[in-house]
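Participant: My structure is stored as protein-v5.pdb, with PDB, C-alpha atoms.
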```pdb
MODEL        1
ATOM      1  CA  MET C   1     221.562  34.964  27.675
ATOM      2  CA  SER C   2     224.913  36.812  27.844
ATOM      3  CA  THR C   3     225.593  39.718  30.191
ATOM      4  CA  ILE C   4     225.518  42.194  27.249
ATOM      5  CA  GLU C   5     222.195  40.842  26.015
ATOM      6  CA  LYS C   6     220.713  41.172  29.520
ATOM      7  CA  ALA C   7     221.906  44.800  29.754
ATOM      8  CA  LEU C   8     220.441  45.697  26.365
ATOM      9  CA  SER C   9     217.154  44.061  27.329
ATOM     10  CA  GLN C  10     217.001  46.052  30.564
ATOM     11  CA  MET C  11     217.767  49.333  28.709
ATOM     12  CA  GLU C  12     214.977  48.682  26.198
ATOM     13  CA  ALA C  13     212.488  47.887  28.983
ATOM     14  CA  ALA C  14     213.429  51.082  30.829
ATOM     15  CA  LYS C  15     213.025  53.157  27.653
ATOM     16  CA  GLN C  16     209.534  51.757  27.031
ATOM     17  CA  ALA C  17     208.500  52.430  30.642
ATOM     18  CA  GLN C  18     209.659  56.077  30.530
ATOM     19  CA  PRO C  19     206.622  58.424  30.934
ATOM     20  CA  GLU C  20     205.641  60.883  28.204
ATOM     21  CA  PRO C  21     206.927  64.454  28.751
ATOM     22  CA  PRO C  22     204.345  66.827  30.309
ATOM     23  CA  GLN C  23     202.036  68.691  27.932
ATOM     24  CA  LYS C  24     202.568  72.424  27.546
ATOM     25  CA  THR C  25     199.893  74.876  28.705
ATOM     26  CA  VAL C  26     200.092  76.726  25.393
ATOM     27  CA  GLU C  27     200.935  74.525  22.482
ATOM     28  CA  ARG C  28     200.857  74.514  18.749
ATOM     29  CA  ALA C  29     198.977  71.778  16.976
ATOM     30  CA  GLY C  30     202.178  70.477  15.431
ATOM     31  CA  GLU C  31     203.738  69.982  18.867
ATOM     32  CA  ALA C  32     201.127  67.514  20.111
ATOM     33  CA  GLN C  33     202.679  64.386  21.603
ATOM     34  CA  GLN C  34     200.361  61.960  19.841
ATOM     35  CA  PRO C  35     200.230  62.272  16.037
ATOM     36  CA  PRO C  36     196.741  63.036  14.698
ATOM     37  CA  PRO C  37     194.981  60.589  12.394
ATOM     38  CA  ALA C  38     196.064  60.790   8.784
ATOM     39  CA  LEU C  39     194.169  63.428   6.817
ATOM     40  CA  THR C  40     193.660  63.902   3.126
ATOM     41  CA  SER C  41     195.234  67.002   1.629
ATOM     42  CA  SER C  42     191.882  68.796   1.478
ATOM     43  CA  ASP C  43     191.097  67.925   5.114
ATOM     44  CA  SER C  44     194.512  69.165   6.206
ATOM     45  CA  GLU C  45     193.991  72.507   4.495
ATOM     46  CA  ASP C  46     190.494  72.820   5.912
ATOM     47  CA  THR C  47     191.577  72.440   9.546
ATOM     48  CA  SER C  48     194.898  74.326   9.431
ATOM     49  CA  ASP C  49     193.952  77.682  10.960
ATOM     50  CA  TRP C  50     191.310  76.108  13.204
ATOM     51  CA  GLN C  51     193.768  74.001  15.220
ATOM     52  CA  GLN C  52     197.183  75.672  15.246
ATOM     53  CA  GLY C  53     196.803  78.878  17.235
ATOM     54  CA  ALA C  54     198.036  79.509  20.762
ATOM     55  CA  GLN C  55     195.527  79.171  23.575
ATOM     56  CA  VAL C  56     193.817  81.841  25.676
ATOM     57  CA  HIS C  57     192.210  80.936  29.001
ATOM     58  CA  ILE C  58     188.791  82.598  29.324
ATOM     59  CA  LEU C  59     187.863  83.402  32.924
ATOM     60  CA  PHE C  60     184.264  82.194  32.852
ATOM     61  CA  ASP C  61     183.677  82.989  36.532
ATOM     62  CA  ALA C  62     184.472  86.641  35.844
ATOM     63  CA  LEU C  63     182.160  86.648  32.821
ATOM     64  CA  HIS C  64     179.366  85.078  34.860
ATOM     65  CA  ALA C  65     179.772  87.788  37.500
ATOM     66  CA  GLN C  66     179.147  90.353  34.730
ATOM     67  CA  GLY C  67     175.928  88.636  33.627
ATOM     68  CA  PHE C  68     177.277  86.592  30.704
ATOM     69  CA  LEU C  69     176.207  83.026  30.086
ATOM     70  CA  THR C  70     178.869  80.377  30.724
ATOM     71  CA  PRO C  71     179.238  76.692  29.839
ATOM     72  CA  ALA C  72     179.437  75.815  33.543
ATOM     73  CA  ILE C  73     175.782  76.865  34.002
ATOM     74  CA  PRO C  74     174.044  75.690  30.814
ATOM     75  CA  ARG C  75     170.494  76.044  32.185
ATOM     76  CA  SER C  76     170.680  79.641  33.384
ATOM     77  CA  ALA C  77     168.078  82.219  32.404
ATOM     78  CA  ILE C  78     170.466  84.061  30.081
ATOM     79  CA  ALA C  79     171.387  80.749  28.416
ATOM     80  CA  GLU C  80     167.725  80.028  27.743
ATOM     81  CA  GLU C  81     167.273  83.441  26.157
ATOM     82  CA  PHE C  82     170.119  82.905  23.731
ATOM     83  CA  ARG C  83     168.907  79.421  22.879
ATOM     84  CA  THR C  84     165.803  81.117  21.519
ATOM     85  CA  ILE C  85     167.853  83.751  19.717
ATOM     86  CA  LYS C  86     170.302  81.384  18.014
ATOM     87  CA  ARG C  87     167.827  78.809  16.662
ATOM     88  CA  PRO C  88     166.717  80.713  13.542
ATOM     89  CA  LEU C  89     170.330  81.730  12.863
ATOM     90  CA  LEU C  90     171.540  78.126  12.985
ATOM     91  CA  LYS C  91     168.619  76.979  10.871
ATOM     92  CA  ASN C  92     169.560  79.486   8.179
ATOM     93  CA  ALA C  93     173.253  78.602   8.423
ATOM     94  CA  SER C  94     172.358  74.946   7.869
ATOM     95  CA  GLY C  95     170.622  75.826   4.597
ATOM     96  CA  ASN C  96     167.096  75.307   5.927
ATOM     97  CA  SER C  97     165.850  78.854   5.351
ATOM     98  CA  ALA C  98     162.793  79.601   3.221
ATOM     99  CA  SER C  99     165.074  81.022   0.530
ATOM    100  CA  PRO C 100     168.828  80.487   0.032
ATOM    101  CA  ILE C 101     171.132  82.825   1.998
ATOM    102  CA  ALA C 102     174.646  83.364   0.679
ATOM    103  CA  ASN C 103     177.359  83.011   3.334
ATOM    104  CA  ALA C 104     174.726  82.273   5.985
ATOM    105  CA  ASN C 105     177.426  81.079   8.391
ATOM    106  CA  LEU C 106     178.795  84.651   8.595
ATOM    107  CA  ILE C 107     176.799  86.391  11.354
ATOM    108  CA  MET C 108     177.422  90.025  12.249
ATOM    109  CA  VAL C 109     176.172  91.526  15.520
ATOM    110  CA  THR C 110     175.810  95.299  15.391
ATOM    111  CA  SER C 111     173.773  98.224  16.709
ATOM    112  CA  ALA C 112     172.965 101.818  15.885
ATOM    113  CA  LEU C 113     174.985 103.422  18.668
ATOM    114  CA  GLN C 114     177.500 102.612  21.364
ATOM    115  CA  GLY C 115     176.022 101.221  24.567
ATOM    116  CA  ASP C 116     173.114  99.281  23.053
ATOM    117  CA  GLY C 117     174.500  95.939  24.264
ATOM    118  CA  LYS C 118     176.126  94.821  21.013
ATOM    119  CA  THR C 119     179.292  93.303  22.481
ATOM    120  CA  PHE C 120     177.408  91.687  25.366
ATOM    121  CA  SER C 121     175.073  90.086  22.834
ATOM    122  CA  SER C 122     177.775  88.995  20.373
ATOM    123  CA  ILE C 123     179.851  87.255  23.057
ATOM    124  CA  ASN C 124     176.809  85.500  24.487
ATOM    125  CA  LEU C 125     175.701  84.405  21.022
ATOM    126  CA  ALA C 126     179.129  82.933  20.264
ATOM    127  CA  LEU C 127     179.286  81.136  23.618
ATOM    128  CA  SER C 128     175.768  79.780  23.184
ATOM    129  CA  ILE C 129     176.482  78.390  19.710
ATOM    130  CA  ALA C 130     179.772  76.874  20.940
ATOM    131  CA  MET C 131     177.724  74.916  23.493
ATOM    132  CA  GLU C 132     175.964  73.074  20.652
ATOM    133  CA  ARG C 133     177.005  69.461  20.167
ATOM    134  CA  ASP C 134     177.625  69.757  16.431
ATOM    135  CA  LYS C 135     178.789  73.352  15.983
ATOM    136  CA  THR C 136     182.123  75.111  16.266
ATOM    137  CA  VAL C 137     182.464  78.892  16.406
ATOM    138  CA  LEU C 138     185.028  81.467  15.369
ATOM    139  CA  PHE C 139     184.429  84.741  17.214
ATOM    140  CA  VAL C 140     185.901  87.748  15.377
ATOM    141  CA  ASP C 141     186.495  91.027  17.221
ATOM    142  CA  ALA C 142     185.854  93.327  14.253
ATOM    143  CA  ASP C 143     185.283  96.441  16.390
ATOM    144  CA  VAL C 144     188.993  97.089  16.029
ATOM    145  CA  LEU C 145     189.087 100.634  17.439
ATOM    146  CA  LYS C 146     187.480  99.597  20.741
ATOM    147  CA  ALA C 147     188.398  95.875  20.910
ATOM    148  CA  THR C 148     186.040  95.622  23.881
ATOM    149  CA  ALA C 149     185.153  92.007  23.156
ATOM    150  CA  GLY C 150     188.782  90.925  23.298
ATOM    151  CA  HIS C 151     189.250  92.742  26.593
ATOM    152  CA  ARG C 152     186.174  91.017  28.047
ATOM    153  CA  LEU C 153     187.539  87.639  26.972
ATOM    154  CA  GLY C 154     190.939  88.255  28.539
ATOM    155  CA  ILE C 155     192.978  88.899  25.386
ATOM    156  CA  PRO C 156     195.848  91.371  26.011
ATOM    157  CA  ALA C 157     195.777  94.617  24.029
ATOM    158  CA  GLY C 158     197.998  94.499  20.962
ATOM    159  CA  THR C 159     197.625  90.756  20.430
ATOM    160  CA  PRO C 160     198.010  90.136  16.670
ATOM    161  CA  GLY C 161     194.734  89.412  14.901
ATOM    162  CA  LEU C 162     192.386  90.578  12.181
ATOM    163  CA  ILE C 163     194.191  93.802  11.250
ATOM    164  CA  ASP C 164     197.499  91.933  10.929
ATOM    165  CA  VAL C 165     195.850  89.426   8.573
ATOM    166  CA  LEU C 166     194.396  92.243   6.449
ATOM    167  CA  ARG C 167     197.821  93.901   6.266
ATOM    168  CA  ARG C 168     199.146  90.520   5.123
ATOM    169  CA  GLU C 169     201.605  90.519   8.013
ATOM    170  CA  ALA C 170     200.174  87.350   9.566
ATOM    171  CA  LYS C 171     198.383  84.218   8.463
ATOM    172  CA  PRO C 172     195.051  83.250  10.033
ATOM    173  CA  GLU C 173     196.579  80.088  11.491
ATOM    174  CA  ASP C 174     199.084  82.240  13.392
ATOM    175  CA  VAL C 175     196.560  84.539  15.082
ATOM    176  CA  ILE C 176     193.357  82.529  15.589
ATOM    177  CA  LEU C 177     193.385  81.567  19.259
ATOM    178  CA  ARG C 178     192.179  78.321  20.762
ATOM    179  CA  THR C 179     190.328  78.643  24.059
ATOM    180  CA  ASN C 180     189.514  76.530  27.099
ATOM    181  CA  MET C 181     186.087  76.008  25.503
ATOM    182  CA  GLU C 182     186.576  73.160  23.053
ATOM    183  CA  LYS C 183     184.421  74.481  20.218
ATOM    184  CA  LEU C 184     185.280  78.178  20.459
ATOM    185  CA  ARG C 185     188.086  79.986  18.651
ATOM    186  CA  ILE C 186     188.812  83.729  18.726
ATOM    187  CA  LEU C 187     190.289  86.064  16.132
ATOM    188  CA  PRO C 188     191.359  89.196  18.073
ATOM    189  CA  ALA C 189     191.105  92.716  16.657
ATOM    190  CA  GLY C 190     194.837  92.848  16.109
ATOM    191  CA  THR C 191     197.568  95.477  16.241
ATOM    192  CA  ALA C 192     196.404  99.093  16.313
ATOM    193  CA  ASP C 193     196.552 100.779  12.917
ATOM    194  CA  GLU C 194     195.577 104.310  11.909
ATOM    195  CA  HIS C 195     194.136 102.871   8.690
ATOM    196  CA  ALA C 196     192.077 100.204  10.450
ATOM    197  CA  THR C 197     188.762 101.534   9.151
ATOM    198  CA  GLU C 198     189.987 101.429   5.562
ATOM    199  CA  LEU C 199     191.323  97.905   6.053
ATOM    200  CA  LEU C 200     187.958  96.674   7.311
ATOM    201  CA  ALA C 201     186.244  98.123   4.242
ATOM    202  CA  SER C 202     188.895  96.840   1.831
ATOM    203  CA  GLU C 203     188.751  94.153  -0.819
ATOM    204  CA  ASN C 204     191.182  92.128   1.317
ATOM    205  CA  MET C 205     188.509  91.971   4.015
ATOM    206  CA  HIS C 206     185.889  90.918   1.487
ATOM    207  CA  GLN C 207     188.072  88.109   0.178
ATOM    208  CA  PHE C 208     188.942  87.015   3.707
ATOM    209  CA  MET C 209     185.241  86.797   4.580
ATOM    210  CA  LEU C 210     184.523  84.715   1.483
ATOM    211  CA  GLU C 211     187.442  82.448   2.351
ATOM    212  CA  LEU C 212     186.203  81.935   5.914
ATOM    213  CA  SER C 213     182.690  81.138   4.726
ATOM    214  CA  ALA C 214     183.808  78.714   2.032
ATOM    215  CA  ARG C 215     186.565  77.001   4.003
ATOM    216  CA  TYR C 216     184.396  76.403   7.059
ATOM    217  CA  PRO C 217     180.861  75.846   5.742
ATOM    218  CA  ASP C 218     179.990  73.712   8.797
ATOM    219  CA  ARG C 219     181.183  76.335  11.264
ATOM    220  CA  ILE C 220     179.686  79.591  12.465
ATOM    221  CA  ILE C 221     181.665  82.822  12.342
ATOM    222  CA  VAL C 222     180.303  85.528  14.661
ATOM    223  CA  PHE C 223     181.507  89.129  14.220
ATOM    224  CA  ASP C 224     181.347  91.839  16.859
ATOM    225  CA  SER C 225     180.980  94.833  14.529
ATOM    226  CA  PRO C 226     181.304  98.578  15.149
ATOM    227  CA  PRO C 227     177.995 100.470  15.528
ATOM    228  CA  LEU C 228     176.442 101.343  12.172
ATOM    229  CA  LEU C 229     176.034 105.057  12.871
ATOM    230  CA  LEU C 230     179.503 105.654  14.308
ATOM    231  CA  THR C 231     181.719 104.167  11.600
ATOM    232  CA  THR C 232     181.444 103.835   7.842
ATOM    233  CA  GLU C 233     183.082 100.419   7.690
ATOM    234  CA  ALA C 234     180.239  98.794   9.630
ATOM    235  CA  GLY C 235     177.942  99.251   6.646
ATOM    236  CA  VAL C 236     180.561  97.753   4.344
ATOM    237  CA  LEU C 237     181.028  94.822   6.714
ATOM    238  CA  ALA C 238     177.277  94.249   6.632
ATOM    239  CA  SER C 239     177.428  93.790   2.864
ATOM    240  CA  PHE C 240     179.863  90.894   3.334
ATOM    241  CA  MET C 241     177.651  89.016   5.802
ATOM    242  CA  GLY C 242     174.978  86.389   5.363
ATOM    243  CA  GLN C 243     172.998  87.243   8.525
ATOM    244  CA  ILE C 244     172.873  90.308  10.727
ATOM    245  CA  VAL C 245     171.719  90.596  14.338
ATOM    246  CA  PHE C 246     170.745  94.203  15.053
ATOM    247  CA  VAL C 247     170.658  95.077  18.758
ATOM    248  CA  ALA C 248     168.424  97.905  19.965
ATOM    249  CA  SER C 249     168.137  98.922  23.613
ATOM    250  CA  ALA C 250     164.653  99.369  25.105
ATOM    251  CA  ASP C 251     163.976 102.906  26.364
ATOM    252  CA  ILE C 252     167.375 104.049  25.065
ATOM    253  CA  THR C 253     167.737 103.603  21.298
ATOM    254  CA  PRO C 254     165.453 106.145  19.586
ATOM    255  CA  GLN C 255     163.381 105.355  16.517
ATOM    256  CA  HIS C 256     165.300 107.683  14.209
ATOM    257  CA  ALA C 257     168.590 105.972  15.115
ATOM    258  CA  VAL C 258     167.140 102.526  14.436
ATOM    259  CA  LYS C 259     165.702 103.623  11.090
ATOM    260  CA  GLU C 260     168.883 105.363   9.995
ATOM    261  CA  ALA C 261     171.072 102.433  11.018
ATOM    262  CA  LEU C 262     168.930  99.870   9.211
ATOM    263  CA  GLU C 263     169.225 101.955   6.050
ATOM    264  CA  HIS C 264     172.939 101.090   6.084
ATOM    265  CA  ILE C 265     172.022  97.422   5.606
ATOM    266  CA  GLY C 266     171.029  96.173   2.175
ATOM    267  CA  GLU C 267     167.418  95.137   1.688
ATOM    268  CA  ASP C 268     168.618  91.720   0.511
ATOM    269  CA  LYS C 269     170.117  90.926   3.934
ATOM    270  CA  MET C 270     168.459  88.730   6.533
ATOM    271  CA  VAL C 271     168.223  90.918   9.652
ATOM    272  CA  ALA C 272     167.266  89.717  13.126
ATOM    273  CA  VAL C 273     166.216  92.551  15.444
ATOM    274  CA  MET C 274     166.967  91.946  19.111
ATOM    275  CA  LEU C 275     165.522  94.200  21.804
ATOM    276  CA  ASN C 276     167.953  94.458  24.696
ATOM    277  CA  ARG C 277     166.928  95.305  28.285
ATOM    278  CA  ALA C 278     163.287  94.612  27.502
ATOM    279  CA  SER C 279     160.655  94.014  30.156
ATOM    280  CA  ARG C 280     158.351  90.990  30.155
ATOM    281  CA  ARG C 281     155.544  93.088  28.653
ATOM    282  CA  ARG C 282     157.688  94.389  25.816
ATOM    283  CA  MET C 283     159.052  90.950  24.967
ATOM    284  CA  GLY C 284     155.470  89.896  24.387
ATOM    285  CA  LEU C 285     155.445  92.371  21.496
ATOM    286  CA  PHE C 286     158.174  90.307  19.859
ATOM    287  CA  GLY C 287     156.480  86.977  20.412
ATOM    288  CA  MET C 288     158.599  85.571  23.244
ATOM    289  CA  GLY C 289     155.956  86.052  25.916
ATOM    290  CA  VAL C 290     158.289  85.425  28.830
ATOM    291  CA  GLY C 291     161.022  87.348  30.588
ATOM    292  CA  TYR C 292     164.235  86.306  32.292
ATOM    293  CA  GLY C 293     166.534  87.634  34.993
ATOM    294  CA  TYR C 294     170.008  89.187  34.921
ATOM    295  CA  GLY C 295     168.422  92.539  34.194
ATOM    296  CA  TYR C 296     168.171  91.682  30.518
ATOM    297  CA  GLY C 297     165.425  90.587  28.187
ATOM    298  CA  TYR C 298     165.411  90.039  24.472
ATOM    299  CA  GLY C 299     162.877  90.491  21.733
ATOM    300  CA  TYR C 300     163.570  88.750  18.484
ATOM    301  CA  GLY C 301     162.215  88.738  14.962
ATOM    302  CA  TYR C 302     163.162  88.617  11.290
ATOM    303  CA  GLY C 303     162.357  91.372   8.848
ATOM    304  CA  GLY C 304     159.954  93.947  10.275
ATOM    305  CA  ARG C 305     162.551  96.710  10.253
ATOM    306  CA  ALA C 306     160.001  99.499  10.343
ATOM    307  CA  GLU C 307     158.078  97.684  13.067
ATOM    308  CA  ALA C 308     161.242  97.364  15.163
ATOM    309  CA  ALA C 309     161.907 101.079  14.828
ATOM    310  CA  GLU C 310     158.303 101.815  15.820
ATOM    311  CA  VAL C 311     158.574  99.665  18.943
ATOM    312  CA  ALA C 312     161.798 101.438  19.933
ATOM    313  CA  ASP C 313     160.110 104.787  19.463
ATOM    314  CA  GLN C 314     157.083 103.746  21.533
ATOM    315  CA  ASP C 315     159.357 102.534  24.310
ATOM    316  CA  ALA C 316     161.175 105.874  24.342
ATOM    317  CA  GLU C 317     157.844 107.721  24.574
ATOM    318  CA  ARG C 318     156.692 105.571  27.482
ATOM    319  CA  ALA C 319     159.953 106.223  29.293
ATOM    320  CA  MET C 320     159.479 109.990  28.956
ATOM    321  CA  ASN C 321     155.719 109.911  29.715
ATOM    322  CA  PRO C 322     155.117 107.070  32.196
TER     323      PRO C 322
ENDMDL
END
```
Taking this structure as input, can you express it in the form of structure tokens?
Facilitator:
Amino acid sequence: MSTIEKALSQMEAAKQAQPEPPQKTVERAGEAQQPPPALTSSDSEDTSDWQQGAQVHILFDALHAQGFLTPAIPRSAIAEEFRTIKRPLLKNASGNSASPIANANLIMVTSALQGDGKTFSSINLALSIAMERDKTVLFVDADVLKATAGHRLGIPAGTPGLIDVLRREAKPEDVILRTNMEKLRILPAGTADEHATELLASENMHQFMLELSARYPDRIIVFDSPPLLLTTEAGVLASFMGQIVFVASADITPQHAVKEALEHIGEDKMVAVMLNRASRRRMGLFGMGVGYGYGYGYGYGYGGRAEAAEVADQDAERAMNP
């Protein structure tokens, strides 16, 4: 072998032995070092805005300190509670309900008033579903005026999101965030807008909801909605959804508020009523029969809207007349 041939051989060997460049902390899907398996055109379209977004690092230790469930402690009391809560929702989303539910993978978590535990419950529900082996979750912060959920999850204020999509100033694939939980994605509330309430109640929002449901039929989209009695768009949002989780707070949410709020939801909607901050005795009224720690308890049931309002009223009476 000539001297030139030996040199070329050594250069080629050195090139092959060179290590891959380090992976970025925040990356776009198209920048991955290893090319993904070939996809059909329909598969490529289906996964586009699920894989491309930048990444946000959720501080699970901080969430745990505030009483939230976390993937690091899958057998905690709060995790067990939400396992019970999510099962009927997932059953319906899989098409196994007694009667067909349109857009059953769109789940809205709401309440009558502020402070009933709506955001706490919506985040926990999303995290719990994302811990399933065969489910992926898109969590949407639709309470755009407060954006409390995004703040809890460590998303900086003003991060582009839902409002920017509705204004057609951003594409979903540009604003849906990946997280350090493999099966969880987040769509932030988005840039502040004085017309945010109108945007949420617009036809653009309706079409976006239908697109999410149809494009990701095997995925669950959980919405943290504004309270039904504080904003008009919450009722409109409810009309777009397949399932609704209504959170009432034991000893706090009065019967008239529960009744009035439920009137904003169409009778054709599947509504799960969840009693927040319930004692062991009260959870027995909802069929759970057992209580858990963290200062929270949950009652759960489908339909029974009048019954749920009655229980809330009875709890309020007991609180005033122990």
Participant: Can you list what the PyMOL selection byres ((chain C and resi 172) around 12) grabs from this structure, as a PyMOL selection string?
Facilitator: chain C and resi 47-54+138+140+160-171+173-177+185-188+190+208-209+211-212
Participant: Take the PyMOL selection byres ((chain C and resi 137) around 9), run it mentally on this structure, and tell me the resulting residues as a PyMOL selection string.
Facilitator: chain C and resi 126-127+129-130+135-136+138-139+183-186+219-222
Participant: Written as a PyMOL selection string, what is the full residue list that the PyMOL selection byres ((chain C and resi 73) around 12) yields on the file shown?
Facilitator: chain C and resi 60-61+63-64+67-72+74-80+127-128+131
Participant: Find the residues around Ser111 in chain C up to 10 Å (only C-alpha atoms counted), leave out those fewer than 2 positions away in its own chain, and share them as a list in words.
Facilitator: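 Listing them by chain and then by number gives Val109, Leu113, Gln114, Gly115, Asp116, Gly117, Lys118, Thr119, Asp224, Ser225, Pro226, Pro227, Leu228, Leu229, Leu230, Ala234, Ile244, Val245, Phe246, Val247, Ala248, Ser249, Thr253, Ala257, Val258, Ala261, Leu262, Val273 and Met274 of chain C.
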Participant: Identify, on the basis of only C-alpha atoms, every residue whose closest approach to Asn180 in chain C does not exceed 8 Å; exclude the query and any residue fewer than 5 positions from it along the same chain; express the result as number ranges by chain.
Facilitator: C: 55-58
Participant: To one decimal place, how far is CA of Met181 in chain C from CA of Asp218 in chain C in Å?
Facilitator: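 Result for CA of Met181 in chain C versus CA of Asp218 in chain C: 17.9 Å, one decimal.
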Participant: Taking all atoms listed in the file into account, name the residue in C:Ser94, C:Leu125, C:Thr84, C:Gly158 that is nearest to Asp193 in chain C.
Facilitator: C:Gly158
Participant: Would you kindly identify which residues have an atom no farther than 10 Å from (179.8, 99.0, 1.9), using all atoms listed in the file and the file's own coordinates, and write them out as a compact mmCIF listing (two decimals) with C-alpha atoms, in the frame of the given file?
Facilitator:
```
# COMPACT_ATOMS: atom_id res chain seq x y z
CA ALA C 201 186.24 98.12 4.24
CA SER C 202 188.90 96.84 1.83
CA THR C 232 181.44 103.84 7.84
CA GLU C 233 183.08 100.42 7.69
CA ALA C 234 180.24 98.79 9.63
CA GLY C 235 177.94 99.25 6.65
CA VAL C 236 180.56 97.75 4.34
CA LEU C 237 181.03 94.82 6.71
CA ALA C 238 177.28 94.25 6.63
CA SER C 239 177.43 93.79 2.86
CA PHE C 240 179.86 90.89 3.33
CA HIS C 264 172.94 101.09 6.08
CA ILE C 265 172.02 97.42 5.61
CA GLY C 266 171.03 96.17 2.17
```
Participant: One number please: CA of Ala272 in chain C to CA of Asn96 in chain C, in Å, one decimal.
Facilitator: 16.1 Å
Participant: By how many Å are CA of Leu210 in chain C and CA of Ile107 in chain C apart?
Facilitator: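 That distance, rounded to one decimal, is 12.6 Å.
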Participant: If you count all atoms listed in the file, which residues fall within 7 Å of Val144 in chain C, apart from same-chain ones fewer than 3 positions away, as a ChimeraX atom specification?
Facilitator: /C:141,147,189
Participant: What's around Ala93 in chain C at 7 Å? Count only C-alpha atoms, leave out sequence neighbours fewer than 4 positions away in its own chain, and write the answer as a PyMOL selection string.
Facilitator: chain C and resi 89+104-105
